[in-house]
Amino acid sequence: MAGIRQAARISARGLLRHQHTATSENLGSASKNVRPFDDIPGPSGIYSVPYLGTAFHFKPFTSITVSTIYKLLRKFTDEYGDIMKFRAGKNWLVVLSNPLFSEQLLRDADKYPARPTIGILDAYYKRQKLSPGLSSLQGEQWANLRKPANNQMMRPAVVSSYIPALTPVADDFIAICRNSHRIDDCLKTMINFTTESIGMLCFNRRLGCLAGTANLDFVEDLGIFFRGLAESNHNSQAYKYFQTPFYKKFEKSADNMYKVAAKEMHDALNKMEELRREGKLEEYLKEPNFLYALISHPGMTLAKTQSLILDLFVGGIDSTSNALTFLWHELATHQESQERLYQEIRHVIGNKNLDVEALTNMPYLKACVKESLRKNYPLSTGSIRRLKEDIVVGGYRIPKGTDVLVPLRNMSKDEKYFKNADQFIPERFLRGDKSIDDETRHTEPFVYLPFGFGPRSCIGQRFAENEMYIITAKLFQAFQVSLAPEVPKQLQYTYRIFACPTTKVTLLLKDRQ
Ligand code: HEM
């Protein structure tokens with residue numbers, strides 16, 4: 001049965017690829033069988049009016065909010081099928097709820113794939129006269145910034161060279177846990193941890209977030225900043241023209257975070273300059289140094305380096321701290337998975353630190369991270385691309401300039417692709433594990449992509465994964481972890497760009513040895 005499904009997928013993939021190439025190159029001759037964009041099903045009448053049509057899908061007209069947009073997307077897929085379109089503000093948004101279409105969009109993308117930017121961030125960069133970061137750039141400008149960053153962040157060997165710098169951060173975190181035997185507010189605590197870790201990557205310096213000596217009160221600003229990003233495209237666009245109260249609040253939070261990052265970057269550069277004058281720079285650079293690698297890359301300027309560093313610093317905190325909170329909550333809830341993880345840790349590293357070699361022998365640890373990201377999908381929507389050329393998908397022509405979304409959050413939780421989708425089963429991601437059947441196993445690559453796919457995928461993926469592996473291995477090596485009695489076994493989420501639990505998660509820690 002699984003073999004037939006696989007064969008059918010492969011032949012359908014071949015057909016789709018052929019269809020795509022033919023249409024991109026000579027749409028004219030192939031267009032007889034291709035239906036026009038207007039035929040793509042979706043809500044019509046008043047719902048197709050720009051802005052107004054979108055508003056009618058949301059509160060107060062329905063119960064849908066920015067945080068529950070996945071419900072709207074699911075309703076659309078149920079009603080209109082695997083390809084549909086609806087008004088999202090001024091533009092049409094096409095939704096492709098099918099792994100073959102998902103693959104076609106994400107794999108065959110242009111070498112400079114475009115993603116619609118976030119309006120309020122664009123406005124902020126412009127008003128503050130800052131160079132836009134990776135997430136806001138397109139085309140060659142984006143590629144020129146992404147390339148030097150890719151060298152440092154997408155090559156596994158280079159990313160792994162930062163493991164020794166992250167290990168002491170994790171050790172300090174565990175030492176704090178040993179004193180308290182609980183993690184009171186997991187998300188808040190993890191924000192301190194991920195800020196400290198990303199500080200090591202970006203500035204090669206301990207910021208003091210775990211020791212409580214850092215003068216950075218980020219937590220509230222992060223919440224305001226990310227909620228502002230999430231809501232800006234759905235709320236009134238007046239902030240583009242006036243400094244509305246919504247914009248001012250966002251600006252204040254962004255200023256607070258960016259000022260800290262900019263100061264840290266300049267301090268780190270001054271330190272290197274001082275070491276150079278003292279003839280000690282070469283010695284200092286024996287350890288991997290991300291900032292130095294970036295700034296010394298031909299084509300990088302101080303302004304570009306700063307914009308990249310600000311993006312990475314801010315982008316790397318909320319994403320990973322939420323993902324870790326969900327992961328640890330799952331493992332505390334599922335003691336049998338925790339025990340299997342513990343046995344793997346004991347067997348592979350014993351009481352030692354996790355290193356690159358050990359990581360290659362820890363498939364269950366990786367499977368737990370993957371399964372938690374699937375079940376607690378980090379985004380409320382999925383991956384989105386703005387087409388640079390016309391494409392044909394599912395027999396319809398979609399013109400260039402259109403935004404196309406693959407609702408990966410819904411697909412990752414769909415029973416069609418994952419049996420018992422609402423359950424935490426890390427074994428799905430273990431190749432050849434006999435304890436589950438084929439329907440439970442993860443086989444469709446293009447329904448589950450928590451870091452996106454292709455040249456525009458998450459640049460922090462490898463860093464975030466290593467960070468999660470190191471700290472998770474250390475925590476479960478040291479403690480048996482359980483939920484405090486008041487914490488629900490099933491968490492509710494809100495989305496402030498990234499999924500975030502609505503309740504405080506408190507964990508209880510019992511020494512293993
Ligand atoms: C669990 C943690 C994380 C998740 C789930 C996540 C997820 C994502 C996703 C889904 C995208 C969009 C990909 C696409 O459109 O195909 C993205 C982009 C991005 N992420 Fe992450 N991310 C995480 C951690 C990080 C970290 C640690 C950093 C920084 C060190 C980071 C920096 C970025 C940046 C700069 C982009 C924009 C890339 C571009 O447009 O070229 N992320 N992330």
# chains A, B, ... in the order shown; residues from 1 in each chain; ligands from 1
>>> residues_near_ligand(ligand="ligand 1", cutoff="6 Å", atoms="only C-alpha atoms and all ligand atoms", output="CSV table (one decimal) with all heavy atoms, in the first residue's frame")
chain,number,residue,atom,x,y,z
A,134,LEU,N,17.8,40.6,6.2
A,134,LEU,CA,17.6,39.6,5.3
A,134,LEU,C,16.1,39.4,5.0
A,134,LEU,O,15.6,39.2,3.9
A,134,LEU,CB,18.1,38.2,5.8
A,134,LEU,CG,19.4,37.8,5.5
A,134,LEU,CD1,19.7,36.4,6.1
A,134,LEU,CD2,19.6,37.8,4.0
A,135,SER,N,15.3,39.4,6.1
A,135,SER,CA,13.9,39.1,5.9
A,135,SER,C,13.1,40.2,5.1
A,135,SER,O,12.1,39.9,4.6
A,135,SER,CB,13.2,38.9,7.3
A,135,SER,OG,14.0,39.1,8.3
A,311,ASP,N,19.1,41.3,12.6
A,311,ASP,CA,18.1,40.4,12.1
A,311,ASP,C,18.3,39.0,12.8
A,311,ASP,O,17.3,38.4,13.3
A,311,ASP,CB,18.2,40.1,10.6
A,311,ASP,CG,16.9,40.2,9.9
A,311,ASP,OD1,16.0,40.7,10.5
A,311,ASP,OD2,16.9,39.8,8.7
A,312,LEU,N,19.5,38.6,12.9
A,312,LEU,CA,19.8,37.3,13.5
A,312,LEU,C,19.6,37.3,15.0
A,312,LEU,O,19.0,36.4,15.5
A,312,LEU,CB,21.2,36.8,13.2
A,312,LEU,CG,21.6,36.6,11.7
A,312,LEU,CD1,23.1,36.3,11.6
A,312,LEU,CD2,20.8,35.6,11.1
A,315,GLY,N,15.8,37.6,15.4
A,315,GLY,CA,15.1,36.4,14.9
A,315,GLY,C,15.4,35.2,15.6
A,315,GLY,O,14.6,34.2,15.6
A,316,GLY,N,16.6,35.1,16.3
A,316,GLY,CA,17.0,33.9,16.9
A,316,GLY,C,16.5,33.6,18.3
A,316,GLY,O,16.7,32.6,18.9
A,319,SER,N,11.9,32.5,18.4
A,319,SER,CA,11.7,31.3,17.7
A,319,SER,C,12.2,30.1,18.5
A,319,SER,O,11.4,29.1,18.8
A,319,SER,CB,12.5,31.3,16.4
A,319,SER,OG,13.8,31.7,16.7
A,320,THR,N,13.4,30.1,19.0
A,320,THR,CA,14.0,28.9,19.6
A,320,THR,C,13.4,28.8,21.0
A,320,THR,O,13.3,27.6,21.5
A,320,THR,CB,15.5,29.0,19.6
A,320,THR,OG1,15.9,29.5,18.3
A,320,THR,CG2,16.2,27.7,19.8
A,323,ALA,N,10.1,27.1,20.8
A,323,ALA,CA,10.3,25.7,20.3
A,323,ALA,C,10.8,24.8,21.5
A,323,ALA,O,10.3,23.7,21.7
A,323,ALA,CB,11.2,25.6,19.1
A,378,PRO,N,5.6,25.8,14.4
A,378,PRO,CA,6.0,27.2,14.9
A,378,PRO,C,5.2,28.3,14.2
A,378,PRO,O,5.2,29.4,14.8
A,378,PRO,CB,7.5,27.2,14.5
A,378,PRO,CG,7.7,26.1,13.5
A,378,PRO,CD,6.7,25.1,13.8
A,383,SER,N,4.8,28.4,4.5
A,383,SER,CA,5.8,29.1,3.7
A,383,SER,C,5.1,29.9,2.6
A,383,SER,O,4.1,29.3,1.9
A,383,SER,CB,6.8,28.2,3.1
A,383,SER,OG,7.8,27.8,4.0
A,384,ILE,N,5.5,31.1,2.3
A,384,ILE,CA,4.9,31.9,1.3
A,384,ILE,C,5.9,32.4,0.4
A,384,ILE,O,7.0,32.7,0.7
A,384,ILE,CB,4.1,33.1,2.1
A,384,ILE,CG1,3.3,33.9,1.1
A,384,ILE,CG2,5.0,33.9,2.9
A,384,ILE,CD1,2.2,34.7,1.7
A,450,PRO,N,9.2,23.0,9.0
A,450,PRO,CA,9.1,24.1,10.0
A,450,PRO,C,10.1,25.2,9.7
A,450,PRO,O,10.0,26.3,10.3
A,450,PRO,CB,9.4,23.4,11.3
A,450,PRO,CG,10.1,22.1,11.0
A,450,PRO,CD,9.6,21.7,9.6
A,451,PHE,N,11.2,24.9,9.0
A,451,PHE,CA,12.2,26.0,8.7
A,451,PHE,C,12.1,26.5,7.3
A,451,PHE,O,13.0,27.1,6.8
A,451,PHE,CB,13.6,25.5,9.0
A,451,PHE,CG,13.9,25.1,10.4
A,451,PHE,CD1,13.8,23.9,10.9
A,451,PHE,CD2,14.3,26.1,11.3
A,451,PHE,CE1,14.0,23.5,12.2
A,451,PHE,CE2,14.5,25.8,12.7
A,451,PHE,CZ,14.4,24.5,13.1
A,452,GLY,N,11.0,26.1,6.6
A,452,GLY,CA,10.9,26.5,5.2
A,452,GLY,C,11.7,25.6,4.3
A,452,GLY,O,12.2,24.5,4.8
A,453,PHE,N,11.9,26.0,3.1
A,453,PHE,CA,12.7,25.2,2.1
A,453,PHE,C,13.4,26.0,1.1
A,453,PHE,O,12.8,27.1,0.7
A,453,PHE,CB,11.7,24.2,1.4
A,453,PHE,CG,12.4,23.2,0.5
A,453,PHE,CD1,13.0,22.1,1.0
A,453,PHE,CD2,12.6,23.5,-0.8
A,453,PHE,CE1,13.7,21.2,0.2
A,453,PHE,CE2,13.3,22.7,-1.7
A,453,PHE,CZ,13.8,21.5,-1.2
A,456,ARG,N,15.6,30.4,0.3
A,456,ARG,CA,15.0,31.4,1.2
A,456,ARG,C,14.6,30.7,2.6
A,456,ARG,O,13.9,31.4,3.4
A,456,ARG,CB,13.9,32.1,0.6
A,456,ARG,CG,13.4,33.3,1.2
A,456,ARG,CD,13.8,34.6,0.5
A,456,ARG,NE,14.0,35.7,1.5
A,456,ARG,CZ,13.9,36.9,1.2
A,456,ARG,NH1,13.7,37.3,0.0
A,456,ARG,NH2,14.1,37.9,2.1
A,457,SER,N,15.1,29.5,2.8
A,457,SER,CA,14.7,28.9,4.1
A,457,SER,C,15.3,29.6,5.3
A,457,SER,O,16.2,30.5,5.1
A,457,SER,CB,15.0,27.4,4.0
A,457,SER,OG,16.5,27.3,4.0
A,458,CYS,N,15.0,29.1,6.5
A,458,CYS,CA,15.6,29.8,7.7
A,458,CYS,C,17.1,29.7,7.7
A,458,CYS,O,17.6,28.6,7.7
A,458,CYS,CB,15.0,29.1,8.9
A,458,CYS,SG,15.7,29.7,10.4
A,459,ILE,N,17.7,30.8,7.8
A,459,ILE,CA,19.2,30.8,7.8
A,459,ILE,C,19.7,30.3,9.2
A,459,ILE,O,20.8,29.9,9.3
A,459,ILE,CB,19.8,32.2,7.5
A,459,ILE,CG1,21.2,32.0,7.1
A,459,ILE,CG2,19.5,33.2,8.6
A,459,ILE,CD1,21.8,33.1,6.3
A,460,GLY,N,18.8,30.4,10.2
A,460,GLY,CA,19.3,30.0,11.6
A,460,GLY,C,19.0,28.6,11.9
A,460,GLY,O,19.2,28.1,13.0
A,461,GLN,N,18.5,27.8,10.9
A,461,GLN,CA,18.0,26.4,11.2
A,461,GLN,C,19.1,25.6,11.9
A,461,GLN,O,18.9,25.0,13.0
A,461,GLN,CB,17.6,25.7,9.9
A,461,GLN,CG,17.3,24.2,10.2
A,461,GLN,CD,16.7,23.5,9.0
A,461,GLN,OE1,16.5,24.1,7.9
A,461,GLN,NE2,16.5,22.2,9.1
A,463,PHE,N,21.8,26.5,13.5
A,463,PHE,CA,22.2,27.0,14.8
A,463,PHE,C,21.1,26.7,15.8
A,463,PHE,O,21.4,26.2,16.9
A,463,PHE,CB,22.4,28.5,14.7
A,463,PHE,CG,22.8,29.1,16.0
A,463,PHE,CD1,24.1,29.0,16.4
A,463,PHE,CD2,21.9,29.8,16.8
A,463,PHE,CE1,24.5,29.6,17.7
A,463,PHE,CE2,22.2,30.3,18.0
A,463,PHE,CZ,23.5,30.2,18.4
A,464,ALA,N,19.9,26.9,15.4
A,464,ALA,CA,18.8,26.6,16.3
A,464,ALA,C,18.7,25.1,16.7
A,464,ALA,O,18.5,24.8,17.9
A,464,ALA,CB,17.4,27.0,15.7
>>> residues_around(residues="stretch 180-186 of chain A", least_positions_apart="3", cutoff="12 Å", atoms="only C-alpha atoms", output="ChimeraX atom specification")
/A:173-177,189-194,219,321-329,332,475,478-484,486-487,500-512
>>> residues_around(residues="stretch 149-162 of chain A", least_positions_apart="2", cutoff="9 Å", atoms="only C-alpha atoms", output="MDAnalysis selection string")
chainID A and resid 145:147 164:167 200:201 287:290 293:294 308 355:356 459:463 466
>>> write_last_selection(atoms="N, CA, C and O atoms", output="compact mmCIF listing (two decimals), in the first residue's frame")
# COMPACT_ATOMS: atom_id res chain seq x y z
N LEU A 145 23.46 39.78 0.67
CA LEU A 145 23.58 39.71 2.12
C LEU A 145 23.53 38.25 2.59
O LEU A 145 24.18 37.86 3.55
N ARG A 146 22.75 37.46 1.89
CA ARG A 146 22.54 36.06 2.32
C ARG A 146 23.81 35.23 2.09
O ARG A 146 24.11 34.33 2.87
N LYS A 147 24.53 35.53 1.01
CA LYS A 147 25.67 34.69 0.65
C LYS A 147 26.73 34.61 1.76
O LYS A 147 27.08 33.52 2.20
N PRO A 164 31.29 24.23 20.89
CA PRO A 164 32.05 24.46 22.13
C PRO A 164 31.72 25.80 22.81
O PRO A 164 31.79 25.91 24.03
N ALA A 165 31.35 26.80 22.01
CA ALA A 165 31.01 28.10 22.61
C ALA A 165 29.64 28.05 23.29
O ALA A 165 29.37 28.80 24.25
N LEU A 166 28.76 27.17 22.79
CA LEU A 166 27.40 27.10 23.36
C LEU A 166 27.35 26.22 24.60
O LEU A 166 26.48 26.39 25.47
N THR A 167 28.31 25.29 24.71
CA THR A 167 28.26 24.33 25.81
C THR A 167 28.34 25.00 27.19
O THR A 167 27.54 24.66 28.08
N MET A 200 26.46 34.72 22.09
CA MET A 200 27.75 34.06 21.85
C MET A 200 28.01 33.96 20.35
O MET A 200 29.13 34.14 19.90
N LEU A 201 26.97 33.65 19.59
CA LEU A 201 27.16 33.53 18.14
C LEU A 201 27.50 34.89 17.53
O LEU A 201 28.48 35.04 16.82
N GLU A 287 39.62 30.80 17.85
CA GLU A 287 38.26 30.33 18.10
C GLU A 287 37.38 30.87 16.96
O GLU A 287 37.64 31.97 16.46
N PRO A 288 36.33 30.12 16.55
CA PRO A 288 35.47 30.66 15.48
C PRO A 288 34.84 31.99 15.90
O PRO A 288 34.44 32.14 17.05
N ASN A 289 34.82 32.93 14.99
CA ASN A 289 34.27 34.24 15.31
C ASN A 289 33.35 34.67 14.15
O ASN A 289 33.82 35.05 13.08
N PHE A 290 32.07 34.61 14.41
CA PHE A 290 31.05 34.86 13.39
C PHE A 290 31.12 36.30 12.87
O PHE A 290 31.12 36.55 11.67
N ALA A 293 34.11 36.87 10.75
CA ALA A 293 33.96 36.19 9.45
C ALA A 293 33.06 37.01 8.53
O ALA A 293 33.30 37.12 7.34
N LEU A 294 32.01 37.61 9.11
CA LEU A 294 31.10 38.41 8.28
C LEU A 294 31.76 39.69 7.80
O LEU A 294 31.75 40.00 6.60
N LEU A 308 22.41 42.56 9.22
CA LEU A 308 22.33 41.10 9.31
C LEU A 308 22.34 40.66 10.78
O LEU A 308 21.52 39.85 11.22
N ASP A 355 28.97 16.34 21.52
CA ASP A 355 29.80 16.94 20.47
C ASP A 355 29.28 16.48 19.10
O ASP A 355 28.30 15.74 19.03
N VAL A 356 29.95 16.93 18.06
CA VAL A 356 29.44 16.67 16.70
C VAL A 356 29.32 15.18 16.44
O VAL A 356 28.33 14.72 15.86
N ILE A 459 17.72 30.81 7.82
CA ILE A 459 19.18 30.79 7.85
C ILE A 459 19.70 30.32 9.21
O ILE A 459 20.82 29.85 9.33
N GLY A 460 18.84 30.40 10.21
CA GLY A 460 19.28 30.02 11.57
C GLY A 460 18.99 28.56 11.90
O GLY A 460 19.23 28.13 13.03
N GLN A 461 18.48 27.79 10.91
CA GLN A 461 18.03 26.42 11.21
C GLN A 461 19.10 25.59 11.92
O GLN A 461 18.85 25.01 12.97
N ARG A 462 20.29 25.56 11.35
CA ARG A 462 21.31 24.67 11.93
C ARG A 462 21.74 25.15 13.31
O ARG A 462 21.98 24.35 14.22
N PHE A 463 21.84 26.46 13.45
CA PHE A 463 22.22 27.00 14.77
C PHE A 463 21.13 26.66 15.79
O PHE A 463 21.41 26.18 16.89
N ASN A 466 21.20 22.92 16.70
CA ASN A 466 22.30 22.58 17.62
C ASN A 466 22.03 23.09 19.03
O ASN A 466 22.27 22.40 20.02
>>> residues_around(residues="A:Tyr448", least_positions_apart="5", cutoff="7 Å", atoms="only C-alpha atoms", output="PDB file with N, CA and C atoms, in the first residue's frame")
ATOM      1  N   ARG A 374       6.573  19.546  14.676  1.00  0.00           N
ATOM      2  CA  ARG A 374       5.414  19.176  13.842  1.00  0.00           C
ATOM      3  C   ARG A 374       4.119  19.411  14.613  1.00  0.00           C
ATOM      4  N   LEU A 408       1.567  24.898   5.631  1.00  0.00           N
ATOM      5  CA  LEU A 408       2.295  23.763   6.211  1.00  0.00           C
ATOM      6  C   LEU A 408       1.853  23.441   7.628  1.00  0.00           C
ATOM      7  N   SER A 412       0.888  19.662   8.386  1.00  0.00           N
ATOM      8  CA  SER A 412       1.666  18.900   9.371  1.00  0.00           C
ATOM      9  C   SER A 412       0.782  18.261  10.430  1.00  0.00           C
TER      10      SER A 412
END
>>> closest_residue(among="A:Gly382, A:Pro99, A:Gly42, A:Gly212", to="A:Val406", atoms="only C-alpha atoms")
A:Gly382
>>> select_by_dssp(residues="stretch 352-506 of chain A", states="helix (DSSP H, G or I)", output="number ranges by chain")
A: 356-360, 363-375, 408-412, 426-429, 445-447, 454-456, 461-478
>>> select_by_dssp(residues="stretch 90-185 of chain A", states="strand (DSSP E or B)", output="ChimeraX atom specification")
/A:91-96,114,182-183
>>> atom_distance(atom1="atom CA of A:Gln128", atom2="atom CA of A:Asp221")
17.5 Å
>>> residues_around(residues="A:Arg205", least_positions_apart="3", cutoff="10 Å", atoms="only C-alpha atoms", output="PDB file with all heavy atoms, in the first residue's frame")
ATOM      1  N   ALA A 165      31.351  26.800  22.014  1.00  0.00           N
ATOM      2  CA  ALA A 165      31.009  28.101  22.614  1.00  0.00           C
ATOM      3  C   ALA A 165      29.638  28.048  23.290  1.00  0.00           C
ATOM      4  O   ALA A 165      29.374  28.796  24.247  1.00  0.00           O
ATOM      5  CB  ALA A 165      31.026  29.184  21.536  1.00  0.00           C
ATOM      6  N   GLU A 196      21.345  34.547  25.518  1.00  0.00           N
ATOM      7  CA  GLU A 196      22.754  34.316  25.874  1.00  0.00           C
ATOM      8  C   GLU A 196      23.457  33.521  24.756  1.00  0.00           C
ATOM      9  O   GLU A 196      24.594  33.815  24.400  1.00  0.00           O
ATOM     10  CB  GLU A 196      22.791  33.538  27.199  1.00  0.00           C
ATOM     11  CG  GLU A 196      24.142  33.457  27.847  1.00  0.00           C
ATOM     12  CD  GLU A 196      24.575  34.748  28.539  1.00  0.00           C
ATOM     13  OE1 GLU A 196      23.819  35.740  28.560  1.00  0.00           O
ATOM     14  OE2 GLU A 196      25.719  34.771  29.042  1.00  0.00           O
ATOM     15  N   SER A 197      22.761  32.528  24.205  1.00  0.00           N
ATOM     16  CA  SER A 197      23.369  31.693  23.155  1.00  0.00           C
ATOM     17  C   SER A 197      23.587  32.494  21.871  1.00  0.00           C
ATOM     18  O   SER A 197      24.647  32.410  21.256  1.00  0.00           O
ATOM     19  CB  SER A 197      22.469  30.501  22.816  1.00  0.00           C
ATOM     20  OG  SER A 197      22.286  29.707  23.936  1.00  0.00           O
ATOM     21  N   ILE A 198      22.577  33.262  21.483  1.00  0.00           N
ATOM     22  CA  ILE A 198      22.724  34.017  20.231  1.00  0.00           C
ATOM     23  C   ILE A 198      23.758  35.144  20.420  1.00  0.00           C
ATOM     24  O   ILE A 198      24.455  35.525  19.483  1.00  0.00           O
ATOM     25  CB  ILE A 198      21.354  34.538  19.720  1.00  0.00           C
ATOM     26  CG1 ILE A 198      21.401  34.934  18.250  1.00  0.00           C
ATOM     27  CG2 ILE A 198      20.820  35.689  20.506  1.00  0.00           C
ATOM     28  CD1 ILE A 198      21.177  33.830  17.328  1.00  0.00           C
ATOM     29  N   GLY A 199      23.873  35.608  21.660  1.00  0.00           N
ATOM     30  CA  GLY A 199      24.920  36.598  21.989  1.00  0.00           C
ATOM     31  C   GLY A 199      26.297  36.003  21.745  1.00  0.00           C
ATOM     32  O   GLY A 199      27.198  36.668  21.232  1.00  0.00           O
ATOM     33  N   MET A 200      26.464  34.722  22.094  1.00  0.00           N
ATOM     34  CA  MET A 200      27.751  34.058  21.854  1.00  0.00           C
ATOM     35  C   MET A 200      28.010  33.958  20.352  1.00  0.00           C
ATOM     36  O   MET A 200      29.131  34.135  19.903  1.00  0.00           O
ATOM     37  CB  MET A 200      27.743  32.640  22.458  1.00  0.00           C
ATOM     38  CG  MET A 200      28.076  32.572  23.922  1.00  0.00           C
ATOM     39  SD  MET A 200      29.587  33.421  24.379  1.00  0.00           S
ATOM     40  CE  MET A 200      30.852  32.365  23.728  1.00  0.00           C
ATOM     41  N   LEU A 201      26.967  33.647  19.586  1.00  0.00           N
ATOM     42  CA  LEU A 201      27.162  33.527  18.140  1.00  0.00           C
ATOM     43  C   LEU A 201      27.497  34.894  17.530  1.00  0.00           C
ATOM     44  O   LEU A 201      28.476  35.045  16.816  1.00  0.00           O
ATOM     45  CB  LEU A 201      25.898  32.973  17.458  1.00  0.00           C
ATOM     46  CG  LEU A 201      25.996  32.935  15.931  1.00  0.00           C
ATOM     47  CD1 LEU A 201      26.845  31.756  15.463  1.00  0.00           C
ATOM     48  CD2 LEU A 201      24.626  32.850  15.274  1.00  0.00           C
ATOM     49  N   CYS A 202      26.676  35.888  17.857  1.00  0.00           N
ATOM     50  CA  CYS A 202      26.805  37.179  17.166  1.00  0.00           C
ATOM     51  C   CYS A 202      27.979  38.017  17.689  1.00  0.00           C
ATOM     52  O   CYS A 202      28.611  38.732  16.919  1.00  0.00           O
ATOM     53  CB  CYS A 202      25.518  37.994  17.303  1.00  0.00           C
ATOM     54  SG  CYS A 202      24.120  37.298  16.429  1.00  0.00           S
ATOM     55  N   GLY A 208      25.410  37.848  30.028  1.00  0.00           N
ATOM     56  CA  GLY A 208      25.034  37.846  31.453  1.00  0.00           C
ATOM     57  C   GLY A 208      23.540  37.645  31.683  1.00  0.00           C
ATOM     58  O   GLY A 208      23.032  37.960  32.764  1.00  0.00           O
ATOM     59  N   GLU A 264      26.236  46.055  21.328  1.00  0.00           N
ATOM     60  CA  GLU A 264      27.050  44.847  21.501  1.00  0.00           C
ATOM     61  C   GLU A 264      27.959  44.639  20.292  1.00  0.00           C
ATOM     62  O   GLU A 264      29.112  44.256  20.434  1.00  0.00           O
ATOM     63  CB  GLU A 264      26.159  43.613  21.695  1.00  0.00           C
ATOM     64  CG  GLU A 264      25.481  43.531  23.045  1.00  0.00           C
ATOM     65  CD  GLU A 264      26.465  43.406  24.214  1.00  0.00           C
ATOM     66  OE1 GLU A 264      27.582  42.902  24.008  1.00  0.00           O
ATOM     67  OE2 GLU A 264      26.106  43.834  25.323  1.00  0.00           O
ATOM     68  N   ASP A 267      30.791  47.164  20.415  1.00  0.00           N
ATOM     69  CA  ASP A 267      31.751  46.794  21.471  1.00  0.00           C
ATOM     70  C   ASP A 267      32.640  45.643  21.002  1.00  0.00           C
ATOM     71  O   ASP A 267      33.846  45.632  21.232  1.00  0.00           O
ATOM     72  CB  ASP A 267      31.011  46.352  22.750  1.00  0.00           C
ATOM     73  CG  ASP A 267      30.405  47.550  23.488  1.00  0.00           C
ATOM     74  OD1 ASP A 267      30.656  48.692  23.045  1.00  0.00           O
ATOM     75  OD2 ASP A 267      29.674  47.332  24.476  1.00  0.00           O
ATOM     76  N   ALA A 268      31.994  44.647  20.341  1.00  0.00           N
ATOM     77  CA  ALA A 268      32.767  43.476  19.885  1.00  0.00           C
ATOM     78  C   ALA A 268      33.786  43.902  18.826  1.00  0.00           C
ATOM     79  O   ALA A 268      34.930  43.436  18.828  1.00  0.00           O
ATOM     80  CB  ALA A 268      31.818  42.415  19.323  1.00  0.00           C
TER      81      ALA A 268
END
>>> residues_around(residues="stretch 421-429 of chain A", least_positions_apart="4", cutoff="6 Å", atoms="only C-alpha atoms", output="PyMOL selection string")
chain A and resi 367-368+371+413+415+441-442
>>> write_last_selection(atoms="C-alpha atoms", output="PDB file, in the first residue's frame")
ATOM      1  CA  ALA A 367      13.304  12.910  16.254  1.00  0.00           C
ATOM      2  CA  CYS A 368      11.925  14.489  19.465  1.00  0.00           C
ATOM      3  CA  GLU A 371       8.053  15.779  16.269  1.00  0.00           C
ATOM      4  CA  LYS A 413      -1.354  18.190  11.527  1.00  0.00           C
ATOM      5  CA  GLU A 415      -4.423  12.837   9.436  1.00  0.00           C
ATOM      6  CA  ARG A 441       5.678   7.384   9.776  1.00  0.00           C
ATOM      7  CA  HIS A 442       6.730  10.662   8.164  1.00  0.00           C
TER       8      HIS A 442
END
>>> closest_residue(among="A:Pro363, A:Gly45, A:Gly119, A:Gly53", to="A:Tyr239", atoms="only C-alpha atoms")
A:Gly119
